[in-house]
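Structure first, then comments.
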Amino acid sequence: MFAAENGLKGDPRLQGISEAIRVVPHFPKPGIMFQDITTLLLDHKAFKDTVDIFVDRYRDMDISVVAGVEARGFMFGPAIALAIGAKFVPLRKPRKLPGEVISEAYELEYGTDCLEMHVGAVEPGERAIVIDDLVATGGTLSAAIRLLGTGFLLLDPLKLFHLHDFVYLDPVYSLHNPSHDGFQCSHRTIGS
Ligand SMILES: O=P(O)(O)OC[C@H]1O[C@H](OP(=O)(O)OP(=O)(O)O)[C@H](O)[C@@H]1O
Ligand SMILES: Nc1ncnc2[nH]cnc12
């Protein structure tokens with residue numbers, strides 16, 4: 001769900017967050033409208049508002065795991081984890097973690113990639129949220145879901161656009177709806 005369509009309707013922080021994201025046409029290749037969150041990171045208020053909104057939403061929900069997707073999930077996840085009293089679990093690209101890992105491959109627009117997590121980082125029965133900056137094809141997020149298993153909450157703090165429908169176990173919560181940027185958004189949430 002988009003934050004602007006529920007409890008945060010009319011919240012001026014959402015506009016500030018949207019405006020802090022720079023859109024770079026034709027990067028890294030022709031036809032791509034790149035959603036650049038580095039400009040949001042430079043804007044203390046927008047950055048703090050982003051973290052605060054998710055902390056307010058997910059505190060007191062018995063969440064013990066914040067899983068961040070490399071690399072941009074690492075920019076938001078640790079701050080949220082500390083504030084809600086959860087551990088931070090990095091979901092890393094291949095061959096970065098030194099211990100025993102479990103891996104999940106996923107499809108990219110061209111080719112495949114893989115996410116890895118240390119064995120034992122998450123215990124059975126823990127409640128987790130997943131942090132990333134956006135969903136494009138959903139391949140990355142789907143791999144994160146498979147890696148963690150079932151029974152967790154799913155969080156996508158800066159979901160910028162959504163090109164396909166997905167089935168989620170729990171709400172995907174987004175602060176910025178990029179439809180005004182020319183993206184076609186579709187969004188379906190199961191179980192919320
Ligand atoms: O929905 P998808 O099609 O899977 O795309 C979304 C993913 O793409 C970007 O990461 P990227 O793979 O570019 O890696 P980076 O964060 O290291 O730049 C973004 O941060 C998401 O993780
Ligand atoms: N349009 C986009 N902007 C930023 N990161 C992306 N990752 C995949 N597509 C992207």
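Residue names in the structure tokens use chain letters A, B, ... in the order shown, residue numbers from 1 in each chain, and ligand numbers from 1 in the order shown.
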Problem set entry | Selection as a PyMOL selection string: residues within 6 Å of ligand 2 by only C-alpha atoms and all ligand atoms | chain A and resi 32-36+136
Same residues, all heavy atoms, saved as a PDB file, in the first residue's frame:
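So out_30.pdb came out as:
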```pdb
ATOM      1  N   ILE A  32      15.875   4.053 -19.245  1.00  0.00           N
ATOM      2  CA  ILE A  32      15.686   3.849 -17.796  1.00  0.00           C
ATOM      3  C   ILE A  32      15.555   5.211 -17.112  1.00  0.00           C
ATOM      4  O   ILE A  32      16.378   6.104 -17.304  1.00  0.00           O
ATOM      5  CB  ILE A  32      16.889   3.091 -17.174  1.00  0.00           C
ATOM      6  CG1 ILE A  32      17.076   1.729 -17.827  1.00  0.00           C
ATOM      7  CG2 ILE A  32      16.697   2.961 -15.653  1.00  0.00           C
ATOM      8  CD1 ILE A  32      15.987   0.722 -17.550  1.00  0.00           C
ATOM      9  N   MET A  33      14.484   5.359 -16.312  1.00  0.00           N
ATOM     10  CA  MET A  33      14.328   6.553 -15.461  1.00  0.00           C
ATOM     11  C   MET A  33      14.861   6.179 -14.086  1.00  0.00           C
ATOM     12  O   MET A  33      14.151   5.572 -13.284  1.00  0.00           O
ATOM     13  CB  MET A  33      12.854   6.965 -15.391  1.00  0.00           C
ATOM     14  CG  MET A  33      12.266   7.341 -16.734  1.00  0.00           C
ATOM     15  SD  MET A  33      12.929   8.888 -17.355  1.00  0.00           S
ATOM     16  CE  MET A  33      11.911  10.050 -16.450  1.00  0.00           C
ATOM     17  N   PHE A  34      16.094   6.518 -13.822  1.00  0.00           N
ATOM     18  CA  PHE A  34      16.745   6.064 -12.590  1.00  0.00           C
ATOM     19  C   PHE A  34      16.276   6.891 -11.401  1.00  0.00           C
ATOM     20  O   PHE A  34      16.357   8.118 -11.399  1.00  0.00           O
ATOM     21  CB  PHE A  34      18.261   6.162 -12.727  1.00  0.00           C
ATOM     22  CG  PHE A  34      19.006   5.477 -11.612  1.00  0.00           C
ATOM     23  CD1 PHE A  34      19.220   4.105 -11.656  1.00  0.00           C
ATOM     24  CD2 PHE A  34      19.472   6.194 -10.524  1.00  0.00           C
ATOM     25  CE1 PHE A  34      19.901   3.457 -10.627  1.00  0.00           C
ATOM     26  CE2 PHE A  34      20.159   5.555  -9.491  1.00  0.00           C
ATOM     27  CZ  PHE A  34      20.375   4.182  -9.553  1.00  0.00           C
ATOM     28  N   GLN A  35      15.788   6.192 -10.371  1.00  0.00           N
ATOM     29  CA  GLN A  35      15.317   6.839  -9.138  1.00  0.00           C
ATOM     30  C   GLN A  35      16.488   6.884  -8.160  1.00  0.00           C
ATOM     31  O   GLN A  35      16.867   5.865  -7.568  1.00  0.00           O
ATOM     32  CB  GLN A  35      14.163   6.036  -8.542  1.00  0.00           C
ATOM     33  CG  GLN A  35      13.075   5.657  -9.532  1.00  0.00           C
ATOM     34  CD  GLN A  35      12.226   6.847  -9.945  1.00  0.00           C
ATOM     35  OE1 GLN A  35      11.788   7.617  -9.095  1.00  0.00           O
ATOM     36  NE2 GLN A  35      11.995   6.997 -11.235  1.00  0.00           N
ATOM     37  N   ASP A  36      17.056   8.062  -7.996  1.00  0.00           N
ATOM     38  CA  ASP A  36      18.315   8.212  -7.259  1.00  0.00           C
ATOM     39  C   ASP A  36      18.054   8.658  -5.822  1.00  0.00           C
ATOM     40  O   ASP A  36      17.737   9.823  -5.565  1.00  0.00           O
ATOM     41  CB  ASP A  36      19.181   9.244  -7.995  1.00  0.00           C
ATOM     42  CG  ASP A  36      20.505   9.478  -7.293  1.00  0.00           C
ATOM     43  OD1 ASP A  36      20.885   8.663  -6.440  1.00  0.00           O
ATOM     44  OD2 ASP A  36      21.160  10.501  -7.621  1.00  0.00           O
ATOM     45  N   ALA A 136      11.416  -3.001  -8.886  1.00  0.00           N
ATOM     46  CA  ALA A 136      11.242  -2.788 -10.330  1.00  0.00           C
ATOM     47  C   ALA A 136      10.574  -4.036 -10.907  1.00  0.00           C
ATOM     48  O   ALA A 136       9.359  -4.088 -11.037  1.00  0.00           O
ATOM     49  CB  ALA A 136      12.588  -2.501 -10.974  1.00  0.00           C
TER      50      ALA A 136
END
```
Interface rows for chain A against ligand 1: nearest pair, Å to one decimal, 9 Å, only C-alpha atoms and all ligand atoms, as a tab-separated table:
```
residue	atom	partner	partner_atom_place_in_ligand_line	distance
A:Val69	CA	ligand 1	22 (O)	6.1
A:Glu70	CA	ligand 1	16 (O)	5.5
A:Ala71	CA	ligand 1	16 (O)	4.0
A:Arg72	CA	ligand 1	16 (O)	4.6
A:Gly73	CA	ligand 1	20 (O)	6.9
A:Phe74	CA	ligand 1	16 (O)	8.8
A:Lys93	CA	ligand 1	17 (O)	8.1
A:Tyr106	CA	ligand 1	4 (O)	7.9
A:Glu107	CA	ligand 1	4 (O)	7.5
A:Leu108	CA	ligand 1	3 (O)	5.9
A:Glu109	CA	ligand 1	3 (O)	6.8
A:Asp113	CA	ligand 1	12 (O)	8.2
A:Asp132	CA	ligand 1	22 (O)	5.8
A:Asp133	CA	ligand 1	20 (O)	5.4
A:Leu134	CA	ligand 1	21 (C)	5.4
A:Val135	CA	ligand 1	1 (O)	3.8
A:Ala136	CA	ligand 1	1 (O)	3.5
A:Thr137	CA	ligand 1	3 (O)	3.6
A:Gly138	CA	ligand 1	1 (O)	3.5
A:Gly139	CA	ligand 1	4 (O)	3.9
A:Thr140	CA	ligand 1	4 (O)	3.6
A:Leu141	CA	ligand 1	4 (O)	6.2
A:Ser142	CA	ligand 1	4 (O)	7.9
A:Ala143	CA	ligand 1	4 (O)	8.5
A:Phe161	CA	ligand 1	1 (O)	8.9
A:His162	CA	ligand 1	1 (O)	7.9
A:Leu163	CA	ligand 1	1 (O)	8.5
```
Please, could you write that set of residues out with C-alpha atoms as a compact mmCIF listing (two decimals), in the first residue's frame?
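This went into again.txt:
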```txt
# COMPACT_ATOMS: atom_id res chain seq x y z
CA VAL A 69 19.07 -5.95 0.65
CA GLU A 70 22.53 -5.01 -0.64
CA ALA A 71 23.29 -2.26 -1.36
CA ARG A 72 20.55 0.30 -0.91
CA GLY A 73 18.69 -1.58 1.78
CA PHE A 74 21.85 -1.11 3.85
CA LYS A 93 25.39 -10.32 -3.23
CA TYR A 106 16.74 -14.41 -9.08
CA GLU A 107 16.05 -13.08 -12.53
CA LEU A 108 17.16 -9.64 -13.61
CA GLU A 109 16.10 -7.84 -16.74
CA ASP A 113 21.85 -12.62 -9.77
CA ASP A 132 15.03 -2.12 0.06
CA ASP A 133 14.72 1.16 -1.76
CA LEU A 134 12.46 0.07 -4.60
CA VAL A 135 10.83 -2.69 -6.56
CA ALA A 136 11.24 -2.79 -10.33
CA THR A 137 10.72 -6.31 -11.67
CA GLY A 138 10.42 -7.71 -8.13
CA GLY A 139 13.12 -10.30 -8.70
CA THR A 140 15.27 -9.04 -5.84
CA LEU A 141 12.41 -8.79 -3.38
CA SER A 142 11.09 -12.22 -4.31
CA ALA A 143 14.54 -13.71 -3.67
CA PHE A 161 7.46 1.80 -8.95
CA HIS A 162 5.94 -1.53 -9.42
CA LEU A 163 5.84 -3.06 -12.85
```
Problem set entry | Within 9 Å of segment 14-22 of chain A using only C-alpha atoms, minus same-chain residues under 2 positions, as a list of chain:residue names |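 Result of the neighbour search: A:Ala3, A:Ala4, A:Leu8, A:Lys9, A:Gly10, A:Asp11, A:Pro12, A:Val24, A:Phe34, A:Gln35, A:Asp36, A:Ile37, A:Thr38, A:Thr39, A:Leu40, A:Leu41, A:Leu42, A:Asp43, A:Lys45, A:Ala46, A:Phe47, A:Asp49, A:Thr50, A:Leu175, A:His176, A:Asn177, A:Pro178.
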Resulting file, chosen residues, C-alpha atoms, as a PDB file, in the first residue's frame:
```
ATOM      1  CA  ALA A   3       1.384   5.577   2.654  1.00  0.00           C
ATOM      2  CA  ALA A   4      -0.483   8.455   1.028  1.00  0.00           C
ATOM      3  CA  LEU A   8      -0.476   9.182   6.296  1.00  0.00           C
ATOM      4  CA  LYS A   9      -2.846  10.753   3.794  1.00  0.00           C
ATOM      5  CA  GLY A  10      -2.017  14.469   3.649  1.00  0.00           C
ATOM      6  CA  ASP A  11       1.176  14.057   5.662  1.00  0.00           C
ATOM      7  CA  PRO A  12       3.547  16.744   4.300  1.00  0.00           C
ATOM      8  CA  VAL A  24      17.854  10.674 -13.771  1.00  0.00           C
ATOM      9  CA  PHE A  34      16.745   6.064 -12.590  1.00  0.00           C
ATOM     10  CA  GLN A  35      15.317   6.839  -9.138  1.00  0.00           C
ATOM     11  CA  ASP A  36      18.315   8.212  -7.259  1.00  0.00           C
ATOM     12  CA  ILE A  37      17.942   8.041  -3.478  1.00  0.00           C
ATOM     13  CA  THR A  38      21.415   9.521  -2.842  1.00  0.00           C
ATOM     14  CA  THR A  39      19.819  12.972  -2.986  1.00  0.00           C
ATOM     15  CA  LEU A  40      17.390  11.920  -0.256  1.00  0.00           C
ATOM     16  CA  LEU A  41      20.340  10.831   1.886  1.00  0.00           C
ATOM     17  CA  LEU A  42      21.781  14.345   1.546  1.00  0.00           C
ATOM     18  CA  ASP A  43      18.556  15.872   2.846  1.00  0.00           C
ATOM     19  CA  LYS A  45      14.861  16.026   7.058  1.00  0.00           C
ATOM     20  CA  ALA A  46      13.741  13.748   4.229  1.00  0.00           C
ATOM     21  CA  PHE A  47      16.115  10.998   5.347  1.00  0.00           C
ATOM     22  CA  ASP A  49      11.302  11.408   7.972  1.00  0.00           C
ATOM     23  CA  THR A  50      11.742   8.238   5.909  1.00  0.00           C
ATOM     24  CA  LEU A 175       6.204   6.194   0.864  1.00  0.00           C
ATOM     25  CA  HIS A 176       6.478   7.386  -2.686  1.00  0.00           C
ATOM     26  CA  ASN A 177       4.135   6.739  -5.579  1.00  0.00           C
ATOM     27  CA  PRO A 178       5.997   7.501  -8.771  1.00  0.00           C
TER      28      PRO A 178
END
```
Seminar exercise, completed: Expressed in Å, the length from atom CA of Cys114 of chain A to atom CA of Ala86 of chain A is 24.8 Å
Exercise. Which residue out of A:Arg95, A:Ala81, A:Ile63, A:Ala128 has the minimum interatomic distance to Leu147 of chain A when only C-alpha atoms are used?
Worked result: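 Checking each candidate against Leu147 of chain A, we get A:Ala128 as the closest.
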For this session: Determine which residues of segment 79-118 of chain A DSSP labels as alpha helix (DSSP H) from the backbone of this structure, then write them out as a list in words.
Result: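 Going through segment 79-118 of chain A, the alpha helix (DSSP H) residues come out as Ala79, Ile80, Ala81, Leu82, Ala83 and Ile84 of chain A.
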Problem set entry | Residue list (strand (DSSP E), DSSP) for segment 5-129 of chain A, as a ChimeraX atom specification | /A:22-25,33-36,65-69,87-91,101-107,112-118,128-129
Exercise. Just how far from atom CA of Val119 of chain A is atom CA of Pro98 of chain A, in Å to one decimal?
Worked result: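 Between atom CA of Pro98 of chain A and atom CA of Val119 of chain A the gap is 10.9 Å.
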If we count only C-alpha atoms and set the cut-off at 8 Å, which residues sit around Ala67 of chain A, ignoring sequence neighbours fewer than 6 positions away in its own chain? Please answer as a compact mmCIF listing (two decimals) with N, CA, C and O atoms, in the first residue's frame.
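Written output follows (part39.txt):
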```
# COMPACT_ATOMS: atom_id res chain seq x y z
N GLY A 77 18.10 0.27 6.42
CA GLY A 77 17.78 -0.80 7.35
C GLY A 77 18.38 -0.66 8.74
O GLY A 77 17.67 -0.83 9.74
N PHE A 88 19.99 -6.45 12.70
CA PHE A 88 20.06 -6.19 11.26
C PHE A 88 20.74 -7.36 10.58
O PHE A 88 21.85 -7.76 10.96
N VAL A 89 20.09 -7.90 9.57
CA VAL A 89 20.63 -9.04 8.82
C VAL A 89 20.87 -8.61 7.37
O VAL A 89 19.92 -8.31 6.65
N PRO A 90 22.15 -8.56 6.95
CA PRO A 90 22.43 -8.19 5.56
C PRO A 90 22.16 -9.33 4.60
O PRO A 90 22.62 -10.45 4.83
N LEU A 91 21.42 -9.05 3.55
CA LEU A 91 21.24 -10.00 2.45
C LEU A 91 22.19 -9.54 1.36
O LEU A 91 21.97 -8.50 0.73
N ALA A 128 10.23 -10.86 10.76
CA ALA A 128 11.21 -10.04 10.05
C ALA A 128 10.52 -9.06 9.12
O ALA A 128 9.39 -9.28 8.66
N ILE A 129 11.22 -7.97 8.84
CA ILE A 129 10.82 -7.08 7.76
C ILE A 129 11.98 -6.98 6.79
O ILE A 129 13.14 -7.12 7.19
N VAL A 130 11.67 -6.78 5.52
CA VAL A 130 12.68 -6.64 4.47
C VAL A 130 12.74 -5.19 4.04
O VAL A 130 11.71 -4.57 3.79
N ILE A 131 13.96 -4.69 3.93
CA ILE A 131 14.17 -3.30 3.54
C ILE A 131 14.87 -3.23 2.20
O ILE A 131 15.91 -3.86 2.01
```
For this session: Just give me the gap between atom CA of Met61 of chain A and atom CA of Ala83 of chain A in Å, one decimal is fine.
Result: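 These atoms are spaced 12.6 Å apart.
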Exercise. Which residues come within 12 Å of Gly99 of chain A, counting only C-alpha atoms, excluding same-chain residues fewer than 6 positions away, as a VMD selection string?
Worked result: chain A and resid 116 to 121
